[in-house]
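Below: the structure, in structure tokens.
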Amino acid sequence: MGTLTPLFSLVHDFLLVSLPDEQKCSPNTIRSYRKSLELLFDFIKTKRDISLSEITFEMIDRNAVSEFLDYLETERNCSISTRNHRLHCIRAFYKYAAQEDITVISHLEEIQKVKKAKEPETIVEHMSEDAVNAILKQPDTFTEKGKRDAFLLLFLYKTGARVQELVDIRLCDIQLGRHPKVTIHGKGAKTRSIPLRDDVVQHLKQYLALFHPEEHLFSEQHLFYVTRNRMKKRMTEDNVRQLVRKYGKQAREICKEVPENVHPHLFRHSWAMILYQNGVDLTLISQWLGHSNLETTLIYAHADTELKRKALEQAVPDDSPLKEHLNAARYKVSNEELLKRLCGLK
């Protein structure tokens, strides 16, 4: 193929050197950057009817990036959040490229003119305690697989872990001393420690005795695994999604509060809501969930306020003059009020 062009030479160094070695990004973060750039280049290639190697910095101007983002939203049905994330990845590459090659600075300035799309207000999806408990009771604990699934669901819920974080946990990440905890390996190669409640520890010990009887807690073996050809293999994210979907469907038959589409992230949201509704500070919840900023955690405050508003609406008769006021006001907590709570002023 010959020598890489200036554009693809910088793409190479960004993905294979800067992100993993200098910025210490996780494989998933790198994969996200790679996918964003790949989609952009494929779009430019198709639009101009040229080969990949012919793409230059000059072709990727403000209008081209805006058209690409519109294409993601309208033709690939991407959410506003995904659209904005792709833009973030593209900007990050251009910032790196401009640091390495001053001729790219003008192109960076072009890309920075592309504005993020405004995201609709997030009403976080979560389950009631009754719904969660109905799901947790579904596995048949008279079988080995059922015992594994029951503990996995409990652990997923009471750690608030993302599905990938869950399947990445190894035995050496668990400490069962005076203050039991598990180390979670989150986004961006960041780690956090999650305390384990007594009920979780009790079930964890039973699980370890059954599924890791000959292994110690210094082992690199994954906590959750599947067996293929008598070899223990890390359980995949799809494995977890499938069993969560299966037990969610079963639970819905006996508890109508269980959503139609149950997925692992619902457990994370539901646990966060339980913490918030029981008075746990938003800053601590943010640390527990591994959020990179507090703004992400505010969705639970908004969601809780929305629940209170709906409950109040149901309590007010339809013919009450208060009904019109409630519908107009849409009782919600203000950002200033949330800020005061975050910094301890309320």
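Every chain in the structure tokens takes a letter, A first, then B, and so on in the order presented; its residues are numbered from 1, and the ligands are numbered from 1 following the presented order.
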Under the rule of at most 9 Å, produce a per-residue listing of region 49-80 of chain A near region 103-109 of chain A: chain, number, name, the closest pair of atoms, and the distance in Å, as a Markdown table, using only C-alpha atoms.
```
| residue | atom | partner | partner_atom | distance |
| --- | --- | --- | --- | --- |
| A:Phe57 | CA | A:His107 | CA | 7.0 |
| A:Glu58 | CA | A:His107 | CA | 7.4 |
| A:Ile60 | CA | A:His107 | CA | 8.0 |
| A:Asp61 | CA | A:His107 | CA | 6.9 |
| A:Arg62 | CA | A:His107 | CA | 8.5 |
```
Would you write out those residues with N, CA and C atoms, as a PDB file, in the first residue's frame?
```pdb
ATOM      1  N   PHE A  57      -7.412  15.606   5.216  1.00  0.00           N
ATOM      2  CA  PHE A  57      -7.955  16.509   6.231  1.00  0.00           C
ATOM      3  C   PHE A  57      -8.879  17.547   5.597  1.00  0.00           C
ATOM      4  N   GLU A  58      -8.520  18.013   4.397  1.00  0.00           N
ATOM      5  CA  GLU A  58      -9.291  19.069   3.736  1.00  0.00           C
ATOM      6  C   GLU A  58     -10.732  18.636   3.443  1.00  0.00           C
ATOM      7  N   ILE A  60     -12.568  16.785   5.333  1.00  0.00           N
ATOM      8  CA  ILE A  60     -13.358  16.645   6.565  1.00  0.00           C
ATOM      9  C   ILE A  60     -13.504  18.023   7.206  1.00  0.00           C
ATOM     10  N   ASP A  61     -14.365  18.823   6.618  1.00  0.00           N
ATOM     11  CA  ASP A  61     -14.576  20.167   7.142  1.00  0.00           C
ATOM     12  C   ASP A  61     -15.831  20.201   8.011  1.00  0.00           C
ATOM     13  N   ARG A  62     -16.189  21.396   8.408  1.00  0.00           N
ATOM     14  CA  ARG A  62     -17.339  21.576   9.306  1.00  0.00           C
ATOM     15  C   ARG A  62     -18.619  20.993   8.708  1.00  0.00           C
TER      16      ARG A  62
END
```
Name the residues in contact with Asn28 (chain A) at a cut-off of 10 Å, using only C-alpha atoms, excluding same-chain residues fewer than 4 positions from it; report them as a ChimeraX atom specification.
/A:32-34,164,186-189
Report the closest atom pair, with its distance in Å rounded to one decimal, for each residue of region 148-168 of chain A that has an atom no farther than 8 Å from region 265-281 of chain A; count only C-alpha atoms, sort by chain and then rising residue number, and write it as a tab-separated table.
```
residue	atom	partner	partner_atom	distance
A:Leu156	CA	A:Phe267	CA	6.8
A:Tyr157	CA	A:Phe267	CA	4.9
A:Lys158	CA	A:Trp271	CA	6.5
A:Thr159	CA	A:Arg268	CA	7.8
A:Gly160	CA	A:Arg268	CA	4.3
A:Ala161	CA	A:Arg268	CA	6.2
A:Arg162	CA	A:His265	CA	6.4
A:Val163	CA	A:His265	CA	7.1
```
Could you work out how far CA of Thr283 (chain A) lies from CA of Gln202 (chain A), giving the answer in Å with one decimal?
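For CA of Gln202 (chain A) relative to CA of Thr283 (chain A), the distance reads 28.1 Å.
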Tell me which protein, DNA and RNA residues are within 12 Å of Leu4 (chain A), counting only C-alpha atoms, leaving out same-chain ones fewer than 5 positions away, and put them as a ChimeraX atom specification.
/A:9-13,52-56
